[in-house]
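The structure appears below as structure tokens.
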Protein chains: 2
Amino acid sequence: MQSTRTVSGAVCRRTLLHMDHKHTDTRVECMKPGEGRKRVVIEAVSPQVDGGRYAVRRFLGDTVTIRAALFGDGHDHVAGRVLYRHGDDRRWRCVSMQPEGNDIWSASFPVDQLGPWQYAVQGWIDHVGTWRADLAKRLAAQTPPAPGGEAVDKTTSAVTNQTDFLDPSEPGDRIARTNSFGADPVTASASDIPLALRTGARLLREAAARAKGADAATLQAVAGSLEALAEKNLAFYDAEALSTIFEADIDAIANCYPDRDLATRTDDLTLRVERERARFSSWYELFPRSTAAEPGRHGTFADVEDRLPEIAAMGFDVLYLPPISPIGEAFRKGPNNSVIAQPGDEGSPWAIGSSLGGHTAIHPALGTLGDFKHLVQAAHSHGLEMALDIAFQCSPDHPWVQEHPTWFTIRPDGSIQYAENPPKKYQDIYPLNFESPDWRDLWENLREVFVYWIRQGVRIFRVDNPHTKALPFWEWCLAEIRAQHPDVIFLAEAFTRPHVMYALAKAGFTQSYTYFTWRTYKAEIQQYFEEITRPPISDFFTPNLWPNTPDILHESLQTGGRPAFMQRLILAATLGASYGIYGPAFELCENTPIRPGSEEYLNSEKYQIRHWDRGAGYSIAPLITRVNQIRHENIALQSDQSLCFHPVDNPQVLCYSKRMQHAEADNVILVALNLDPHNEQAGWIDLNLKALGIDHDETFDVEDLLTGTHYRWHDRSNYVALRPDVMPAHIFRVTHTNMNN
Amino acid sequence: MQSTRTVSGAVCRRTLLHMDHKHTDTRVECMKPGEGRKRVVIEAVSPQVDGGRYAVRRFLGDTVTIRAALFGDGHDHVAGRVLYRHGDDRRWRCVSMQPEGNDIWSASFPVDQLGPWQYAVQGWIDHVGTWRADLAKRLAAQTPPAPGGEAVDKTTSAVTNQTDFLDPSEPGDRIARTNSFGADPVTASASDIPLALRTGARLLREAAARAKGADAATLQAVAGSLEALAEKNLAFYDAEALSTIFEADIDAIANCYPDRDLATRTDDLTLRVERERARFSSWYELFPRSTAAEPGRHGTFADVEDRLPEIAAMGFDVLYLPPISPIGEAFRKGPNNSVIAQPGDEGSPWAIGSSLGGHTAIHPALGTLGDFKHLVQAAHSHGLEMALDIAFQCSPDHPWVQEHPTWFTIRPDGSIQYAENPPKKYQDIYPLNFESPDWRDLWENLREVFVYWIRQGVRIFRVDNPHTKALPFWEWCLAEIRAQHPDVIFLAEAFTRPHVMYALAKAGFTQSYTYFTWRTYKAEIQQYFEEITRPPISDFFTPNLWPNTPDILHESLQTGGRPAFMQRLILAATLGASYGIYGPAFELCENTPIRPGSEEYLNSEKYQIRHWDRGAGYSIAPLITRVNQIRHENIALQSDQSLCFHPVDNPQVLCYSKRMQHAEADNVILVALNLDPHNEQAGWIDLNLKALGIDHDETFDVEDLLTGTHYRWHDRSNYVALRPDVMPAHIFRVTHTNMNN
């Protein structure tokens with residue numbers, strides 16, 4: 001009789017030795033590892049998401065730095081490398097790790113291809129390096145020969161403190177010590193050196209046997225030189241003379257060919273590389289139905305084309321349209337979300353599907369598939385990518401309801417379950433049932449919706465309410481699509497609890513809507529952005545900041561007037577490398593809710609056509625244009641990981657910076673923003689100079705990129721005063737004065 | 001041609017579709033999971049060590065609380081349970097998890113058996129719970145029938161804010177919202193209730209099919225009642241009437257039988273349960289060679305027996321002896337670590353092995369194996385457990401050197417490599433070579449050393465320099481021994497870098513020496529103890545605090561006189577549930593170093609016999625006795641996880657508390673200690689009242705257990721003044737005044 005169990009990583013087996021009526025006698029044996037000589041331990045590999053369960057997210061052109069704790073037993077040196085490859089590669093590439101102190105090692109590699117990459121850390125005892133370091137100490141301990149005389153051994157019988165035996169301390173480390181030995185060290189004599197040279201030769205010949213080509217020859221040659229030198233049995237070995245032998249960097253060469261049998265290697269970890277727009281994007285959302293030049297007419301794709309120059313001129317690069325599929329007739333809602341629609345009411349684009357088709361059909365009032373493809377091309381020619389809204393839910397008229405009733409929940413009376421949150425009913429919507437016995441079929445068909453639009457030229461999808469669809473589906477679906485099209489971007493519209501939002505990002509969503517829309521106080525903005533722009537969150541979660549959406553007209557916009565729109569625009573566009581607005585409502589400062597206390601717009605475009613006076617003088621389009629220009633001209637604003645907040649002695653003034661050092665450029669942006677839409681606010685900023693690359697006591701230049709005004713600032717403490725009605729923020733570019741004069 | 005790769009957790013397969021001279025056409029397909037309907041995600045399971053790579057350590061009698069994030073998609077309720085079993089069990093036990101808010105769930109179970117335990121978290125969609133919650137809302141939304149009239153539907157066509165649709169907010173949460181639907185909710189009508197009852201009946205019948213015995217019958221019966229009620233098709237359903245149907249807690253019953261096919265389950269995690277002494281122990285180290293009653297004679301095991309009553313009376317429970325194996329002759333060291341030993345010099349017990357035997361032999365001057373076993377028994381009768389020192393290194397005379405030369409490093413000249421840290425040599429020590437080709441054989445024989453002494457009655461081992469032996473060896477060896485003897489305790493004597501010390505604890509060492517010996521300033525004590533007494537470190541690392549060892553006479557003891565010994569004793573014994581002293585040097589305040597700047601004792605017992613005047617009036621044995629008594633009488637001092645530091649406005653005064661609530665007892669100990677051995681220090685403590693279980697503005701009693709003096713304290717701010725020459729610390733027991741009067 002045998003049974004197995006796991007004891008702290010070791011697999012143990014219980015064997016029955018003897019059994020009689022009185023007792024059983026068993027013996028448990030734990031399995032030795034296949035190779036017990038892998039003396040290096042590798043821990044705390046970063047980045048990784050949930051211990052490697054999910055891919056780390058990086059962007060094309062990034063340099064990825066892998067860190068790990070790497071250590072062995074005793075005082076032998078260790079060495080390590082990072083192995084990495086793109087998903088399409090068969091061979092691993094490798095880069096040597098360098099020590100950062102306290103047993104932490106790191107190495108970096110560039111990711112120059114979209115899609116999945118794998119990486120692993122490998123570590124081993126660096127016998128050659130240990131030997132060379134020891135040899136240097138042996139050589140240094142020799143006494144040079146007296147003129148004409150013999151070399152003198154430093155061997156002594158003096159009592160020596162053995163604190164550093166076997167465990168050399170880090171400089172200044174009072175801790176590292178091991179000395180339970182009853183042994184007094186005797187210092188080495190010159191006569192030990194020939195033996196040490198032979199030991200080195202043996203190590204190099206072992207490495208040579210694993211090495212290839214020229215490296216093998218180099219190692220063999222050095223080994224031969226060492227042996228020859230040992231043969232001479234000198235009374236004194238000149239370190240200078242040895243240096244010619246060590247012209248080749250034999251430690252580095254030998255460490256290119258570690259004994260893989262004795263090297264420790266972590267499991268493979270995955271990272272996913274997405275394209276630049278996944279990191280840096282400026283979104284503009286509009287309802288095509290409202291783009292007609294004349295009031296009252298239903299807008300078309302052609303009308304949207306007419307709007308492209310204006311949107312591109314504002315500096316946006318993604319144009320996002322709400323769903324363009326046919327709108328359901330059953331239980332259609334009227335203006336302002338009324339239950340009874342009148343004939344001619346347009347309904348909500350999120351009530352997907354009618355007798356005219358489902359998720360891959362086009363609402364006839366907008367145009368044809370040809371018109372849509374033409375729009376996609378036209379947008380492209382204006383530097384705009386089209387983003388489509390994918391909402392996996394069906395109106396009762398959706399063809400799937402008849403064709404695939406098992407994809408929905410069937411009630412005991414045979415009817416299909418509509419959406420409800422008792423006692424409220426949403427009878428115009430049938431949710432899909434992800435516990436359907438036909439889930440495989442459902443998954444395939446949902447994936448095909450994306451594939452269909454990809455074929456029409458779409459590469460960006462804003463996914464509606466992804467948190468109401470099963471997470472395993474997303475993990476599979478997004479991987480499937482990326483396997484063919486690694487350039488596709490998915491934005492998760494999930495306003496829900498933190499764990500769920502983060503889980504969607506882990507499952508593969510490129511970007512995520514955030515709580516930014518509801519973060520208006522200084523402390524909550526700072527706390528939230530410190531959370532989402534730093535590891536571990538930033539290793540998988542990429543924020544996309546929206547000051548408004550068709551669903552959310554935040555109270556601060558309702559009450560703060562035009563200055564509030566200016567504030568929220570600048571915050572979104574400078575806190576986040578990716579942001580978006582729902583326009584023209586945003587730039588026209590539309591701020592009337594359906595009723596007090598609601599975040600719904602009055603006369604929302606979700607349920608009716610609107611006509612916008614885009615030429616109005618109060619439009620903040622000029623500010624948007626300038627801010628997007630600043631974003632494009634300043635690389636610091638094109639990623640989030642450098643975000644740093646600076647204390648200000650006024651809770652209504654927020655100050656933060658971003659910095660990007662890239663090739664020759666050191667781009668530093670510092671934003672100071674008045675959060676109060678009604679009153680001038682001023683304060684002293686206590687700058688984190690290190691984050692700005694400014695020296696202590698330095699005088700430096702800050703140029704407000706919104707106004708062109710230059711200020712001469714000095715050291716940490718500097719003053720700002722901001723009138724919200726004039727301009728609620730400075731967006732400074734920080735430069736060294738000497739470089740600027 | 002096919003190749004596979006992993007994309008974010010999904011396994012993808014590349015299939016060649018077509019290839020000609022110009023291009024290859026491939027298609028990548030990602031594998032769906034076997035069951036895609038497991039809608040619950042489980043994350044962030046705690047405790048776990050390195051993602052489950054190593055066992056979590058707990059102690060016998062502990063209640064283990066498992067926490068995890070548990071969530072699904074959409075608004076369905078989720079439920080979860082913790083599965084757990086002892087290593088010997090074939091069946092899993094389970095306990096339901098309870099929500100703690102923000103998607104965190106927890107459950108606890110007691111560990112009442114030594115050795116390995118496994119646990120896992122399982123979660124699923126709680127359809128019955130979701131349905132019941134919805135039904136309650138439906139019932140509440142009915143309007144009671146007007147007297148003599150019909151029930152009135154609350155169905156309205158009013159515009160309703162749909163903020164909470166599909167994603168009910170946490171109370172007060174401004175975040176949770178999803179509402180891209182173009183749908184106005186219609187509230188439910190009474191006519192929906194019969195259908196809802198039938199839906200519930202269906203869910204209960206499904207659960208009944210998975211349930212057993214009485215539970216299945218209960219679920220079927222309730223399902224029948226619901227169907228009967230639905231048949232009545234009432235105009236109004238009285239929630240009171242339904243309450244009789246719901247007398248049985250059907251949610252809880254149904255959740256005992258989740259549909260395992262659709263439930264998510266984590267991998268198994270391991271925890272190791274050790275005995276109480278692993279958590280709470282008081283160690284006394286002595287050199288048997290110095291225990292003879294008469295000066296000059298070599299002490300024996302019999303002499304150690306004579307010391308047992310005294311050691312037990314001081315309140316210790318572990319008696320630890322340096323190695324008792326034969327001491328090597330070759331390169332033996334003399335007194336004060338001198339290189340040349342004189343005839344008659346005793347040598348160091350850590351130079352293991354001679355012609356008389358190795359690690360399983362006994363140094364003849366100490367006695368016989370029979371004498372040793374007698375000592376073990378005698379110690380046991382005094383409440384003392386014997387701890388043996390295991391030092392895996394060999395003197396050149398050790399039998400293994402002849403029998404197993406391959407276990408050592410052979411130099412190119414055929415000689416065996418002695419220990420060295422060039423240019424220093426330690427020729428009396430041969431280290432073992434854990435890269436030996438015969439490592440399997442070596443591992444077995446090292447394990448057998450422990451097994452041998454276990455057979456002689458030893459259950460505690462202090463392992464010398466474990467960090468100079470391969471970590472994979474320890475992981476295997478300790479698991480092997482524990483598989484037979486789960487009560488064995490291993491103390492790691494590793495004074496080295498943090499990662500290595502922690503790695504040894506992860507590999508299975510029960511307790512670890514710490515940096516306490518070198519932490520003497522308030523800030524560094526506080527910082528270090530906050531690190532090691534809290535997760536993640538405290539989940540695998542158990543400190544054992546030593547104010548001195550035969551190797552370490554810290555400078556603070558050299559210069560601080562008797563008060564320094566009192567301070568360090570009280571710190572060790574109250575900061576740590578496990579601590580030890582090397583005596584009689586410690587209680588006799590022996591403080592002369594071999595030379596200024598060294599931490600080595602002059603005339604160290606490591607190299608010679610000492611005779612101690614244990615009756616000296618300056619002995620702090622009475623203080624040790626009292627402190628150990630306090631430790632035994634106050635359960636708060638018997639574990640470390642409640643350690644809490646309290647601010648004091650004097651950097652020389654340290655204040656901390658421990659609290660243990662257990663059954664009816666609430667034991668609270670508060671220590672205030674003067675770190676200055678020379679001067680009186682006083683200060684105001686700003687108590688963390690919550691950590692003490694004291695209310696704001698409460699007056700409470702603190703009794704100094706060292707003196708018996710009571711003080712009446714009030715609220716947070718209280719004053720202490722401590723004269724180091726009198727008593728450098730208060731050890732207060734804190735009690736509520738009303739309970740104490």
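Lettering and numbering for the structure tokens are positional, with chains as A, B, ... in the shown order, residues counted from 1 in each chain, and ligands counted from 1 in the shown order.
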Next item on the list: Just the residues within 12 Å of Asp73 of chain A, please, counting only C-alpha atoms, with nothing from its chain fewer than 3 positions along; format it as a PyMOL selection string.
Entry: (chain A and resi 37-41+70+76-78+103+124-125+166-167) or (chain B and resi 433-435+465-474+494+496-497+499-501+503-504)
Check: segment 284-289 of chain A: which residues within 8 Å, counting only C-alpha atoms, same-chain residues fewer than 5 positions away excluded, as a ChimeraX atom specification?
Finding: /A:298-301,303-304,311,316-322,366,580-584,605,609-610
Next item on the list: Compare B:Ile250, B:Leu692, B:Ala585, B:Ala68 by their minimum atom-to-atom distance to chain A, counting only C-alpha atoms, and give me the closest one.
Entry: B:Ala68
Who sits within 8 Å of segment 116-122 of chain A, only C-alpha atoms, same chain under 2 positions skipped, as a short mmCIF file (atom, residue, chain, number, x, y, z; two decimals) with all heavy atoms, in the first residue's frame:
data_model
loop_
_atom_site.label_atom_id
_atom_site.label_comp_id
_atom_site.auth_asym_id
_atom_site.auth_seq_id
_atom_site.Cartn_x
_atom_site.Cartn_y
_atom_site.Cartn_z
N ILE A 42 16.30 31.14 -6.77
CA ILE A 42 15.79 32.33 -7.46
C ILE A 42 14.41 32.64 -6.90
O ILE A 42 13.54 31.78 -6.87
CB ILE A 42 15.72 32.10 -8.98
CG1 ILE A 42 17.09 31.67 -9.51
CG2 ILE A 42 15.25 33.37 -9.69
CD1 ILE A 42 17.08 31.26 -10.97
N VAL A 45 10.87 37.10 -8.61
CA VAL A 45 11.05 37.59 -9.97
C VAL A 45 10.00 38.67 -10.25
O VAL A 45 8.81 38.48 -10.00
CB VAL A 45 10.90 36.44 -11.00
CG1 VAL A 45 11.04 36.98 -12.41
CG2 VAL A 45 11.90 35.34 -10.72
N ALA A 68 15.32 39.86 -9.89
CA ALA A 68 15.07 38.67 -9.07
C ALA A 68 16.10 38.63 -7.95
O ALA A 68 17.18 39.21 -8.06
CB ALA A 68 15.17 37.41 -9.92
N GLY A 80 23.84 34.99 -13.14
CA GLY A 80 22.51 34.69 -13.66
C GLY A 80 22.28 35.39 -14.98
O GLY A 80 23.03 36.27 -15.39
N ARG A 81 21.26 34.93 -15.65
CA ARG A 81 20.88 35.59 -16.90
C ARG A 81 19.38 35.50 -17.07
O ARG A 81 18.71 34.65 -16.46
CB ARG A 81 21.61 34.96 -18.08
CG ARG A 81 21.27 33.50 -18.32
CD ARG A 81 22.15 32.94 -19.45
NE ARG A 81 21.87 31.53 -19.68
CZ ARG A 81 22.60 30.77 -20.51
NH1 ARG A 81 23.64 31.28 -21.14
NH2 ARG A 81 22.28 29.50 -20.71
N VAL A 82 18.89 36.38 -17.90
CA VAL A 82 17.48 36.34 -18.27
C VAL A 82 17.39 35.73 -19.65
O VAL A 82 18.10 36.15 -20.58
CB VAL A 82 16.86 37.75 -18.25
CG1 VAL A 82 15.49 37.75 -18.90
CG2 VAL A 82 16.78 38.28 -16.83
N LEU A 83 16.58 34.71 -19.78
CA LEU A 83 16.28 34.10 -21.07
C LEU A 83 14.98 34.72 -21.57
O LEU A 83 14.04 34.89 -20.79
CB LEU A 83 16.11 32.59 -20.92
CG LEU A 83 17.28 31.87 -20.24
CD1 LEU A 83 16.90 30.43 -19.92
CD2 LEU A 83 18.50 31.91 -21.15
N TYR A 84 14.90 35.04 -22.84
CA TYR A 84 13.67 35.64 -23.35
C TYR A 84 13.51 35.31 -24.82
O TYR A 84 14.49 35.05 -25.53
CB TYR A 84 13.67 37.16 -23.13
CG TYR A 84 14.75 37.92 -23.88
CD1 TYR A 84 14.46 38.57 -25.08
CD2 TYR A 84 16.05 37.96 -23.41
CE1 TYR A 84 15.44 39.26 -25.78
CE2 TYR A 84 17.05 38.63 -24.10
CZ TYR A 84 16.74 39.28 -25.29
OH TYR A 84 17.72 39.94 -25.98
N ARG A 85 12.29 35.30 -25.25
CA ARG A 85 12.01 35.08 -26.67
C ARG A 85 10.61 35.56 -26.99
O ARG A 85 9.71 35.54 -26.15
CB ARG A 85 12.18 33.61 -27.05
CG ARG A 85 11.17 32.68 -26.40
CD ARG A 85 11.34 31.26 -26.92
NE ARG A 85 10.43 30.35 -26.23
CZ ARG A 85 10.46 29.03 -26.39
NH1 ARG A 85 11.35 28.45 -27.19
NH2 ARG A 85 9.59 28.27 -25.75
N HIS A 86 10.43 35.96 -28.23
CA HIS A 86 9.10 36.27 -28.71
C HIS A 86 8.35 34.97 -28.94
O HIS A 86 8.96 33.91 -29.17
CB HIS A 86 9.18 37.08 -30.01
CG HIS A 86 7.84 37.52 -30.51
ND1 HIS A 86 7.16 36.83 -31.49
CD2 HIS A 86 7.05 38.55 -30.13
CE1 HIS A 86 6.00 37.44 -31.70
NE2 HIS A 86 5.91 38.48 -30.90
N GLY A 87 7.02 35.04 -28.86
CA GLY A 87 6.21 33.84 -29.01
C GLY A 87 6.48 33.07 -30.29
O GLY A 87 6.29 31.85 -30.34
N LEU A 114 5.28 42.84 -31.54
CA LEU A 114 3.99 42.73 -30.86
C LEU A 114 3.71 41.28 -30.46
O LEU A 114 4.25 40.36 -31.06
CB LEU A 114 2.85 43.20 -31.76
CG LEU A 114 2.79 44.69 -32.10
CD1 LEU A 114 1.58 44.96 -33.00
CD2 LEU A 114 2.71 45.52 -30.84
N TRP A 124 23.27 30.28 -11.45
CA TRP A 124 24.18 29.19 -11.15
C TRP A 124 25.35 29.70 -10.31
O TRP A 124 25.57 30.92 -10.23
CB TRP A 124 24.70 28.54 -12.44
CG TRP A 124 25.38 29.51 -13.37
CD1 TRP A 124 26.71 29.83 -13.38
CD2 TRP A 124 24.77 30.33 -14.38
NE1 TRP A 124 26.96 30.77 -14.35
CE2 TRP A 124 25.79 31.10 -14.98
CE3 TRP A 124 23.46 30.47 -14.83
CZ2 TRP A 124 25.55 32.01 -16.00
CZ3 TRP A 124 23.22 31.39 -15.86
CH2 TRP A 124 24.24 32.14 -16.43
N ALA A 263 22.29 24.44 -13.11
CA ALA A 263 21.72 25.78 -13.05
C ALA A 263 20.24 25.69 -12.67
O ALA A 263 19.53 24.78 -13.08
CB ALA A 263 21.87 26.49 -14.39
N THR A 264 19.82 26.65 -11.87
CA THR A 264 18.42 26.75 -11.50
C THR A 264 17.72 27.64 -12.52
O THR A 264 18.27 28.64 -12.95
CB THR A 264 18.30 27.40 -10.11
OG1 THR A 264 19.08 26.65 -9.19
CG2 THR A 264 16.85 27.43 -9.63
N ARG A 265 16.52 27.27 -12.89
CA ARG A 265 15.78 28.05 -13.89
C ARG A 265 14.35 28.18 -13.42
O ARG A 265 13.73 27.21 -12.98
CB ARG A 265 15.83 27.31 -15.24
CG ARG A 265 15.26 28.07 -16.43
CD ARG A 265 15.26 27.13 -17.63
NE ARG A 265 14.93 27.77 -18.88
CZ ARG A 265 13.72 28.15 -19.25
NH1 ARG A 265 12.70 27.96 -18.45
NH2 ARG A 265 13.53 28.71 -20.44
N THR A 266 13.83 29.37 -13.48
CA THR A 266 12.43 29.56 -13.10
C THR A 266 11.52 29.02 -14.20
O THR A 266 11.96 28.77 -15.32
CB THR A 266 12.10 31.05 -12.92
OG1 THR A 266 12.29 31.72 -14.18
CG2 THR A 266 12.98 31.69 -11.87
N ASP A 267 10.26 28.88 -13.86
CA ASP A 267 9.27 28.62 -14.90
C ASP A 267 9.23 29.81 -15.86
O ASP A 267 9.63 30.91 -15.51
CB ASP A 267 7.88 28.46 -14.27
CG ASP A 267 7.76 27.16 -13.48
OD1 ASP A 267 8.57 26.26 -13.72
OD2 ASP A 267 6.87 27.09 -12.61
N ASP A 268 8.74 29.57 -17.04
CA ASP A 268 8.59 30.66 -18.00
C ASP A 268 7.47 31.59 -17.56
O ASP A 268 6.41 31.15 -17.13
CB ASP A 268 8.24 30.11 -19.39
CG ASP A 268 9.37 29.25 -19.95
OD1 ASP A 268 10.49 29.29 -19.39
OD2 ASP A 268 9.12 28.54 -20.93
N LEU A 269 7.73 32.86 -17.69
CA LEU A 269 6.70 33.87 -17.46
C LEU A 269 6.37 34.51 -18.80
O LEU A 269 7.17 34.47 -19.73
CB LEU A 269 7.22 34.91 -16.47
CG LEU A 269 7.46 34.37 -15.06
CD1 LEU A 269 8.36 35.30 -14.26
CD2 LEU A 269 6.13 34.19 -14.34
N THR A 270 5.18 35.09 -18.88
CA THR A 270 4.73 35.65 -20.16
C THR A 270 4.54 37.16 -20.04
O THR A 270 4.07 37.64 -19.02
CB THR A 270 3.39 35.00 -20.57
OG1 THR A 270 3.56 33.59 -20.62
CG2 THR A 270 2.95 35.49 -21.94
N LEU A 271 4.92 37.84 -21.07
CA LEU A 271 4.51 39.23 -21.17
C LEU A 271 3.90 39.45 -22.55
O LEU A 271 4.22 38.74 -23.51
CB LEU A 271 5.62 40.21 -20.85
CG LEU A 271 6.88 40.36 -21.66
CD1 LEU A 271 6.65 41.30 -22.84
CD2 LEU A 271 7.96 40.98 -20.76
N ARG A 272 3.00 40.40 -22.59
CA ARG A 272 2.30 40.68 -23.84
C ARG A 272 2.67 42.09 -24.27
O ARG A 272 2.53 43.03 -23.49
CB ARG A 272 0.79 40.59 -23.61
CG ARG A 272 -0.05 40.81 -24.86
CD ARG A 272 -1.54 40.77 -24.55
NE ARG A 272 -1.97 41.95 -23.82
CZ ARG A 272 -2.48 41.94 -22.60
NH1 ARG A 272 -2.63 40.81 -21.95
NH2 ARG A 272 -2.85 43.07 -22.02
N VAL A 273 3.15 42.21 -25.48
CA VAL A 273 3.56 43.52 -25.97
C VAL A 273 2.45 44.07 -26.87
O VAL A 273 2.02 43.42 -27.82
CB VAL A 273 4.90 43.43 -26.72
CG1 VAL A 273 5.23 44.76 -27.38
CG2 VAL A 273 6.00 43.03 -25.74
N THR B 6 2.07 29.72 -25.29
CA THR B 6 1.13 30.16 -24.27
C THR B 6 0.88 31.65 -24.42
O THR B 6 1.81 32.41 -24.54
CB THR B 6 1.69 29.87 -22.87
OG1 THR B 6 1.95 28.48 -22.78
CG2 THR B 6 0.71 30.27 -21.80
N VAL B 7 -0.35 32.03 -24.48
CA VAL B 7 -0.71 33.44 -24.56
C VAL B 7 -1.59 33.74 -23.37
O VAL B 7 -2.73 33.31 -23.30
CB VAL B 7 -1.48 33.73 -25.86
CG1 VAL B 7 -1.76 35.22 -25.97
CG2 VAL B 7 -0.70 33.25 -27.06
N SER B 8 -1.01 34.42 -22.38
CA SER B 8 -1.79 34.87 -21.22
C SER B 8 -2.64 33.75 -20.64
O SER B 8 -3.84 33.89 -20.47
CB SER B 8 -2.70 36.03 -21.63
OG SER B 8 -3.37 36.51 -20.48
#
Check: Which neighbours of segment 219-226 of chain A fall inside 7 Å, counting only C-alpha atoms, when residues of the same chain fewer than 6 positions from it are skipped, and could you give them as a ChimeraX atom specification?
Finding: /A:197-198,201,204-205,208,245,250
Margin query: I want to know what sits within 12 Å of Leu706 of chain A, based on only C-alpha atoms, with residues of the same chain fewer than 4 positions away left out; could you give that as a ChimeraX atom specification?
Written below: /A:570,622-631,671-672,702,710,726-733
Item checked: All residues 9 Å or closer to segment 532-537 of chain B, only C-alpha atoms, same chain fewer than 4 positions away omitted, as a ChimeraX atom specification -> /B:47-49,502,527-528,541-543,640-643
Saved selection, atoms kept: N, CA, C and O atoms, as an mmCIF file, in the first residue's frame:
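Output below, filename part21.cif:
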data_model
loop_
_atom_site.group_PDB
_atom_site.id
_atom_site.type_symbol
_atom_site.label_atom_id
_atom_site.label_comp_id
_atom_site.auth_asym_id
_atom_site.auth_seq_id
_atom_site.Cartn_x
_atom_site.Cartn_y
_atom_site.Cartn_z
ATOM 1 N N PRO B 47 -3.070 32.788 4.014
ATOM 2 C CA PRO B 47 -1.639 32.942 3.793
ATOM 3 C C PRO B 47 -1.141 32.028 2.671
ATOM 4 O O PRO B 47 -1.746 31.003 2.386
ATOM 5 N N GLN B 48 -0.061 32.470 2.047
ATOM 6 C CA GLN B 48 0.701 31.578 1.190
ATOM 7 C C GLN B 48 2.107 32.141 1.088
ATOM 8 O O GLN B 48 2.309 33.340 1.215
ATOM 9 N N VAL B 49 3.073 31.271 0.902
ATOM 10 C CA VAL B 49 4.469 31.678 0.837
ATOM 11 C C VAL B 49 4.950 31.454 -0.593
ATOM 12 O O VAL B 49 4.927 30.326 -1.092
ATOM 13 N N TYR B 502 15.858 34.056 5.261
ATOM 14 C CA TYR B 502 14.448 33.746 5.012
ATOM 15 C C TYR B 502 14.296 32.472 4.178
ATOM 16 O O TYR B 502 13.357 31.696 4.370
ATOM 17 N N GLN B 527 11.811 48.731 13.666
ATOM 18 C CA GLN B 527 11.687 48.420 12.244
ATOM 19 C C GLN B 527 11.881 46.923 11.987
ATOM 20 O O GLN B 527 11.121 46.285 11.257
ATOM 21 N N TYR B 528 12.910 46.365 12.630
ATOM 22 C CA TYR B 528 13.204 44.954 12.388
ATOM 23 C C TYR B 528 12.091 44.055 12.921
ATOM 24 O O TYR B 528 11.665 43.104 12.249
ATOM 25 N N PHE B 541 8.721 32.429 9.058
ATOM 26 C CA PHE B 541 9.938 32.709 9.821
ATOM 27 C C PHE B 541 9.571 32.894 11.286
ATOM 28 O O PHE B 541 8.703 33.695 11.620
ATOM 29 N N THR B 542 10.227 32.141 12.173
ATOM 30 C CA THR B 542 9.981 32.262 13.607
ATOM 31 C C THR B 542 11.282 32.660 14.291
ATOM 32 O O THR B 542 12.252 31.895 14.282
ATOM 33 N N PRO B 543 11.345 33.851 14.863
ATOM 34 C CA PRO B 543 12.593 34.312 15.472
ATOM 35 C C PRO B 543 12.898 33.637 16.808
ATOM 36 O O PRO B 543 11.993 33.279 17.554
ATOM 37 N N ASP B 640 4.249 35.819 18.883
ATOM 38 C CA ASP B 640 4.823 37.095 18.424
ATOM 39 C C ASP B 640 3.882 37.948 17.581
ATOM 40 O O ASP B 640 4.149 39.120 17.350
ATOM 41 N N GLN B 641 2.777 37.379 17.098
ATOM 42 C CA GLN B 641 2.066 38.091 16.034
ATOM 43 C C GLN B 641 1.340 39.338 16.529
ATOM 44 O O GLN B 641 0.961 40.179 15.717
ATOM 45 N N SER B 642 1.153 39.484 17.841
ATOM 46 C CA SER B 642 0.420 40.663 18.320
ATOM 47 C C SER B 642 1.346 41.816 18.689
ATOM 48 O O SER B 642 0.879 42.858 19.142
ATOM 49 N N LEU B 643 2.643 41.654 18.490
ATOM 50 C CA LEU B 643 3.600 42.693 18.906
ATOM 51 C C LEU B 643 3.231 44.048 18.303
ATOM 52 O O LEU B 643 3.038 44.177 17.098
#
